[in-house]
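A.B. asks: Below is the file work.txt, with compact mmCIF, C-alpha atoms.
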# COMPACT_ATOMS: atom_id res chain seq x y z
CA MET A 1331 -19.62 129.35 324.62
CA SER A 1332 -18.52 130.96 321.40
CA ASP A 1333 -14.80 130.83 320.64
CA ASN A 1334 -15.02 133.78 318.25
CA ILE A 1335 -13.50 136.60 320.25
CA THR A 1336 -12.63 139.62 318.21
CA ALA A 1337 -9.59 141.68 319.05
CA PRO A 1338 -10.41 144.27 321.68
CA VAL A 1339 -10.46 147.92 320.86
CA ALA A 1340 -7.52 149.84 322.31
CA PRO A 1341 -8.62 151.07 325.72
CA SER A 1342 -9.23 154.76 326.08
CA ALA A 1343 -8.04 156.82 329.00
CA GLU A 1344 -11.41 156.10 330.58
CA ALA A 1345 -12.07 152.44 329.74
CA ARG A 1346 -15.67 151.40 330.16
CA THR A 1347 -16.51 149.17 333.10
CA PHE A 1348 -19.58 146.97 332.83
CA LEU A 1349 -20.80 146.16 336.35
CA LEU A 1350 -22.65 142.86 336.48
CA ALA A 1351 -24.94 142.14 339.42
CA VAL A 1352 -24.22 138.50 340.28
CA ASP A 1353 -26.65 135.97 341.65
CA THR A 1354 -27.05 132.21 341.32
CA SER A 1355 -29.82 132.29 338.71
CA ASP A 1356 -29.68 130.43 335.40
CA GLN A 1357 -30.15 133.69 333.48
CA LEU A 1358 -26.88 135.12 334.82
CA ARG A 1359 -24.97 133.34 332.04
CA ALA A 1360 -26.62 135.48 329.34
CA ALA A 1361 -25.85 138.72 331.18
CA LEU A 1362 -22.27 137.60 331.82
CA HIS A 1363 -21.77 136.84 328.13
CA PHE A 1364 -23.28 140.21 327.19
CA ALA A 1365 -21.03 142.14 329.61
CA CYS A 1366 -17.94 140.30 328.38
CA ARG A 1367 -18.74 140.92 324.72
CA ARG A 1368 -19.34 144.64 325.36
CA ALA A 1369 -16.08 144.88 327.29
CA VAL A 1370 -14.12 143.20 324.49
CA HIS A 1371 -15.71 145.37 321.79
CA THR A 1372 -15.14 148.64 323.63
CA GLY A 1373 -11.74 148.01 325.18
CA GLY A 1374 -13.39 148.00 328.59
CA LYS A 1375 -13.59 145.58 331.44
CA VAL A 1376 -16.12 143.71 333.54
CA ALA A 1377 -16.75 144.15 337.24
CA LEU A 1378 -18.69 141.64 339.31
CA PHE A 1379 -20.90 142.67 342.23
CA HIS A 1380 -22.54 140.45 344.82
CA ALA A 1381 -24.07 141.26 348.19
CA VAL A 1382 -24.38 138.74 350.98
CA PRO A 1383 -27.53 139.53 352.95
CA PRO A 1384 -27.09 139.79 356.70
CA SER A 1385 -28.22 136.76 358.65
CA ASP A 1386 -31.70 136.94 360.16
CA PHE A 1387 -30.72 134.54 362.92
CA HIS A 1388 -30.27 136.66 366.04
CA HIS A 1389 -30.89 134.15 368.84
CA PHE A 1390 -27.31 132.93 369.14
CA SER A 1391 -24.52 135.18 367.94
CA THR A 1392 -22.14 132.25 367.30
CA VAL A 1393 -24.65 130.56 364.99
CA ALA A 1394 -25.30 133.84 363.15
CA GLU A 1395 -21.55 134.42 362.72
CA LEU A 1396 -21.12 130.90 361.34
CA MET A 1397 -24.02 131.39 358.92
CA ASP A 1398 -22.57 134.74 357.77
CA HIS A 1399 -19.13 133.17 357.29
CA GLU A 1400 -20.55 130.29 355.24
CA ALA A 1401 -22.57 132.68 353.07
CA LYS A 1402 -19.53 134.88 352.47
CA THR A 1403 -17.34 131.86 351.63
CA GLU A 1404 -19.92 130.62 349.12
CA ALA A 1405 -20.19 134.11 347.58
CA GLU A 1406 -16.40 134.33 347.27
CA ARG A 1407 -16.35 130.94 345.54
CA LEU A 1408 -19.06 132.07 343.11
CA LEU A 1409 -17.23 135.31 342.29
CA GLN A 1410 -13.94 133.47 341.75
CA GLN A 1411 -15.58 131.00 339.35
CA LEU A 1412 -17.19 133.82 337.40
CA ALA A 1413 -13.94 135.83 337.45
CA ALA A 1414 -12.16 132.90 335.79
CA ASP A 1415 -14.91 132.79 333.16
CA VAL A 1416 -14.62 136.55 332.56
CA HIS A 1417 -10.84 136.25 332.21
CA GLN A 1418 -11.22 133.44 329.68
CA ARG A 1419 -13.75 135.45 327.65
CA THR A 1420 -12.06 138.88 327.80
CA GLY A 1421 -8.40 138.28 328.60
CA LYS A 1422 -8.76 140.53 331.67
CA PHE A 1423 -9.51 139.82 335.29
CA PRO A 1424 -12.65 141.60 336.49
CA ASP A 1425 -12.91 143.91 339.46
CA LEU A 1426 -14.74 142.17 342.29
CA TYR A 1427 -17.15 143.82 344.72
CA LEU A 1428 -18.36 141.58 347.52
CA ARG A 1429 -20.46 143.42 350.08
CA GLN A 1430 -22.28 142.41 353.24
CA GLY A 1431 -25.77 143.86 353.39
CA ASP A 1432 -28.94 144.29 351.38
CA THR A 1433 -28.31 144.11 347.63
CA LEU A 1434 -29.86 147.34 346.40
CA PRO A 1435 -28.29 149.77 348.89
CA GLU A 1436 -24.90 148.06 348.55
CA LEU A 1437 -25.12 148.17 344.75
CA GLN A 1438 -25.96 151.87 344.85
CA LYS A 1439 -22.93 152.48 347.11
CA VAL A 1440 -20.58 150.65 344.73
CA ILE A 1441 -21.85 152.66 341.77
CA ARG A 1442 -21.57 155.95 343.68
CA GLU A 1443 -18.15 155.22 345.17
CA THR A 1444 -16.43 153.63 342.17
CA GLU A 1445 -15.15 155.86 339.43
CA GLY A 1446 -15.35 154.48 335.91
CA ILE A 1447 -18.41 152.24 336.07
CA SER A 1448 -20.23 153.06 332.88
CA MET A 1449 -23.09 150.57 332.81
CA LEU A 1450 -24.99 148.25 335.12
CA VAL A 1451 -25.84 144.88 333.54
CA LEU A 1452 -28.70 142.85 334.98
CA ALA A 1453 -30.06 139.42 334.07
CA ALA A 1454 -33.83 139.21 333.61
CA ASP A 1455 -35.82 136.10 334.41
CA PRO A 1456 -38.04 135.45 331.37
CA GLY A 1457 -40.43 133.33 333.44
CA PRO A 1458 -43.94 134.14 334.60
CA ASN A 1459 -42.81 135.58 337.95
CA GLY A 1460 -41.27 138.63 336.34
CA PRO A 1461 -37.73 139.81 335.73
CA GLY A 1462 -36.56 139.73 339.36
CA ALA A 1463 -36.66 141.93 342.45
CA LEU A 1464 -33.58 144.00 341.57
CA ILE A 1465 -34.86 144.87 338.10
CA ALA A 1466 -38.31 145.65 339.49
CA ALA A 1467 -36.82 148.04 342.06
CA ILE A 1468 -34.48 149.78 339.63
CA SER A 1469 -37.10 150.15 336.91
CA GLY A 1470 -39.78 151.16 339.41
CA LYS A 1471 -39.40 153.62 342.23
CA LEU A 1472 -35.63 153.95 341.72
CA ALA A 1473 -35.80 154.62 337.99
CA GLY A 1474 -33.61 157.55 337.17
CA THR A 1475 -31.73 157.56 340.47
CA LEU A 1476 -28.64 155.84 339.11
CA ASP A 1477 -26.27 158.03 337.16
CA ILE A 1478 -25.33 155.26 334.71
CA PRO A 1479 -27.34 153.35 332.11
CA VAL A 1480 -28.85 150.01 333.04
CA THR A 1481 -28.95 147.17 330.54
CA VAL A 1482 -31.41 144.35 331.19
CA VAL A 1483 -30.42 141.16 329.38
CA PRO A 1484 -33.19 138.60 328.85
CA GLY A 1485 -31.95 135.42 330.48
CA ASP A 1486 -33.06 133.18 327.65
CA LEU A 1487 -30.95 134.84 324.94
CA SER A 1488 -28.51 132.45 323.32
CA GLU A 1489 -24.82 133.30 323.09
CA ASP A 1490 -25.18 133.48 319.30
CA ARG A 1491 -27.99 136.03 319.62
CA ILE A 1492 -25.97 138.06 322.13
CA ASP A 1493 -22.98 137.96 319.76
CA ALA A 1494 -25.19 139.34 316.99
CA LEU A 1495 -26.48 142.12 319.25
CA THR A 1496 -23.09 143.18 320.59
How does the structure come out when it is put into structure tokens?
C.D. replies:
Amino acid sequence: MSDNITAPVAPSAEARTFLLAVDTSDQLRAALHFACRRAVHTGGKVALFHAVPPSDFHHFSTVAELMDHEAKTEAERLLQQLAADVHQRTGKFPDLYLRQGDTLPELQKVIRETEGISMLVLAADPGPNGPGALIAAISGKLAGTLDIPVTVVPGDLSEDRIDALT
């Protein structure tokens, strides 16, 4: 991680919020660094989004509830770890959006319902399997349906390269 953090720009009345879709992939680190650098340079802030898919186990409600609880607890832990990282990089705590449900519809709801989100930041898998399901959906049949720009950050960009780009 680069220790060269430039002084943030004075926030405007409508500070930019960079919404980062969080998962457990290796490429998330590049997108997180990108979102933090953009927030610092624009006087904005970072928001973290994660959706916990509903359990597919319907045979025993108690088991399904336990599985849902464990998944939510793990998601909360992930968001808290990333929030600490965002705070260290930007000097601000991020907004956190943890939703239960399918990722794409929940992400669209957060963007629609939350005033001030100015950009969605996604991490792309540079591997042979493609950039990821969320990017494929947003750049495919849902292209143009979001009312904010989407930035796709290649997951193999180094922090130095991201610093040069931002």
A.B. asks: Given the choices A:Ala1351, A:Val1382, A:Leu1495, A:Val1440, which gets closest to Ile1465 (chain A) if the distance is worked out from only C-alpha atoms?
C.D. replies: A:Ala1351
A.B. asks: Which is closer to Arg1359 (chain A) than all the others in A:Ile1478, A:Asp1415, A:Phe1423, A:Glu1443, using all atoms listed in the file?
C.D. replies: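 The answer is A:Asp1415, which sits nearest to Arg1359 (chain A).
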A.B. asks: Taking 4 positions as the minimum chain separation for residues in the same chain, which residues sit within 7 Å of Cys1366 (chain A) when counting only C-alpha atoms? Answer as a list of chain:residue names.
C.D. replies: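 With the cut-off at 7 Å, the set is A:Leu1362, A:Val1370, A:Val1376, A:Val1416, A:Arg1419, A:Thr1420.
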A.B. asks: Write out as a list in words the residues lying within 12 Å of Ser1355 (chain A), counting only C-alpha atoms and excluding same-chain residues fewer than 3 positions away.
C.D. replies: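 Selected residues are Ala1351, Val1352, Leu1358, Arg1359, Ala1360, Ala1361, Leu1362, Leu1408, Leu1452, Ala1453, Ala1454, Asp1455, Pro1456, Gly1457, Pro1461, Gly1462, Gly1485 and Asp1486 of chain A.
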A.B. asks: Would you mind exporting C-alpha atoms of the selected residues as an mmCIF file, in the coordinates of the input?
C.D. replies:
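Written file, out.cif:
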data_model
loop_
_atom_site.group_PDB
_atom_site.id
_atom_site.type_symbol
_atom_site.label_atom_id
_atom_site.label_comp_id
_atom_site.auth_asym_id
_atom_site.auth_seq_id
_atom_site.Cartn_x
_atom_site.Cartn_y
_atom_site.Cartn_z
ATOM 1 C CA ALA A 1351 -24.940 142.140 339.420
ATOM 2 C CA VAL A 1352 -24.220 138.500 340.280
ATOM 3 C CA LEU A 1358 -26.880 135.120 334.820
ATOM 4 C CA ARG A 1359 -24.970 133.340 332.040
ATOM 5 C CA ALA A 1360 -26.620 135.480 329.340
ATOM 6 C CA ALA A 1361 -25.850 138.720 331.180
ATOM 7 C CA LEU A 1362 -22.270 137.600 331.820
ATOM 8 C CA LEU A 1408 -19.060 132.070 343.110
ATOM 9 C CA LEU A 1452 -28.700 142.850 334.980
ATOM 10 C CA ALA A 1453 -30.060 139.420 334.070
ATOM 11 C CA ALA A 1454 -33.830 139.210 333.610
ATOM 12 C CA ASP A 1455 -35.820 136.100 334.410
ATOM 13 C CA PRO A 1456 -38.040 135.450 331.370
ATOM 14 C CA GLY A 1457 -40.430 133.330 333.440
ATOM 15 C CA PRO A 1461 -37.730 139.810 335.730
ATOM 16 C CA GLY A 1462 -36.560 139.730 339.360
ATOM 17 C CA GLY A 1485 -31.950 135.420 330.480
ATOM 18 C CA ASP A 1486 -33.060 133.180 327.650
#
A.B. asks: Using all atoms listed in the file for the distances, tell me which of A:Ala1466, A:Leu1426, A:Leu1476, A:Ala1413 is nearest to Arg1442 (chain A).
C.D. replies: A:Leu1476
A.B. asks: Work out how far apart CA of Ala1405 (chain A) and CA of Gly1474 (chain A) are and give it in Å to one decimal.
C.D. replies: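 Between these atoms lies a distance of 28.9 Å.
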A.B. asks: Quick one: residues within 7 Å of (-29.5, 151.2, 344.2) (file frame), counting all atoms listed in the file, please, as a PyMOL selection string.
C.D. replies: chain A and resi 1434-1435+1437-1438+1468+1476
A.B. asks: For CA of Gln1430 (chain A) and CA of Glu1404 (chain A), determine how far apart the two atoms are, in Å to one decimal place.
C.D. replies: 12.7 Å
A.B. asks: CA of Phe1379 (chain A) to CA of His1363 (chain A): how many Å, to one decimal?
C.D. replies: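 The value is 15.3 Å.
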A.B. asks: For Pro1383 (chain A), work out the shell of residues within 7 Å, counting only C-alpha atoms and skipping chain neighbours fewer than 2 positions away, then give it as a ChimeraX atom specification.
C.D. replies: /A:1381,1385,1430-1432
A.B. asks: List the spatial neighbours of Arg1346 (chain A) as a PDB file with C-alpha atoms, in the frame of the given file - criterion: any atom at most 8 Å away, all atoms listed in the file, same-chain residues fewer than 6 positions off excluded.
C.D. replies:
ATOM      1  CA  ALA A1369     -16.080 144.880 327.290  1.00  0.00           C
ATOM      2  CA  THR A1372     -15.140 148.640 323.630  1.00  0.00           C
ATOM      3  CA  GLY A1373     -11.740 148.010 325.180  1.00  0.00           C
ATOM      4  CA  GLY A1374     -13.390 148.000 328.590  1.00  0.00           C
ATOM      5  CA  LYS A1375     -13.590 145.580 331.440  1.00  0.00           C
ATOM      6  CA  GLY A1446     -15.350 154.480 335.910  1.00  0.00           C
ATOM      7  CA  ILE A1447     -18.410 152.240 336.070  1.00  0.00           C
ATOM      8  CA  SER A1448     -20.230 153.060 332.880  1.00  0.00           C
ATOM      9  CA  MET A1449     -23.090 150.570 332.810  1.00  0.00           C
TER      10      MET A1449
END
A.B. asks: So which one's closest to Thr1433 (chain A), A:His1380, A:His1417, A:Lys1471, A:Arg1407? Using only C-alpha atoms, please.
C.D. replies: A:His1380
A.B. asks: My list of candidates is A:Asp1477, A:Val1451, A:Glu1395, A:Lys1422. Which is closest to Lys1439 (chain A) when distances are computed with only C-alpha atoms?
C.D. replies: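 The closest residue to Lys1439 (chain A) is A:Asp1477.
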A.B. asks: May I have the centre and edge lengths, in Å to one decimal, of an axis-aligned box around the listed atoms of region 1472-1478 of chain A with 3 Å added to every side, as JSON?
C.D. replies:
{"center_x": -30.6, "center_y": 156.0, "center_z": 338.2, "size_x": 16.5, "size_y": 10.1, "size_z": 13.0}
A.B. asks: Could you pull the residues within 8 Å of Leu1450 (chain A), counting all atoms listed in the file, minus those fewer than 5 positions along the same chain, as a VMD selection string?
C.D. replies: chain A and resid 1348 to 1351 1478 to 1481
A.B. asks: Restricted to C-alpha atoms, what would the selected residues look like written as a PDB file, in the frame of the given file?
C.D. replies:
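Saved as again-v3.pdb:
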ATOM      1  CA  PHE A1348     -19.580 146.970 332.830  1.00  0.00           C
ATOM      2  CA  LEU A1349     -20.800 146.160 336.350  1.00  0.00           C
ATOM      3  CA  LEU A1350     -22.650 142.860 336.480  1.00  0.00           C
ATOM      4  CA  ALA A1351     -24.940 142.140 339.420  1.00  0.00           C
ATOM      5  CA  ILE A1478     -25.330 155.260 334.710  1.00  0.00           C
ATOM      6  CA  PRO A1479     -27.340 153.350 332.110  1.00  0.00           C
ATOM      7  CA  VAL A1480     -28.850 150.010 333.040  1.00  0.00           C
ATOM      8  CA  THR A1481     -28.950 147.170 330.540  1.00  0.00           C
TER       9      THR A1481
END
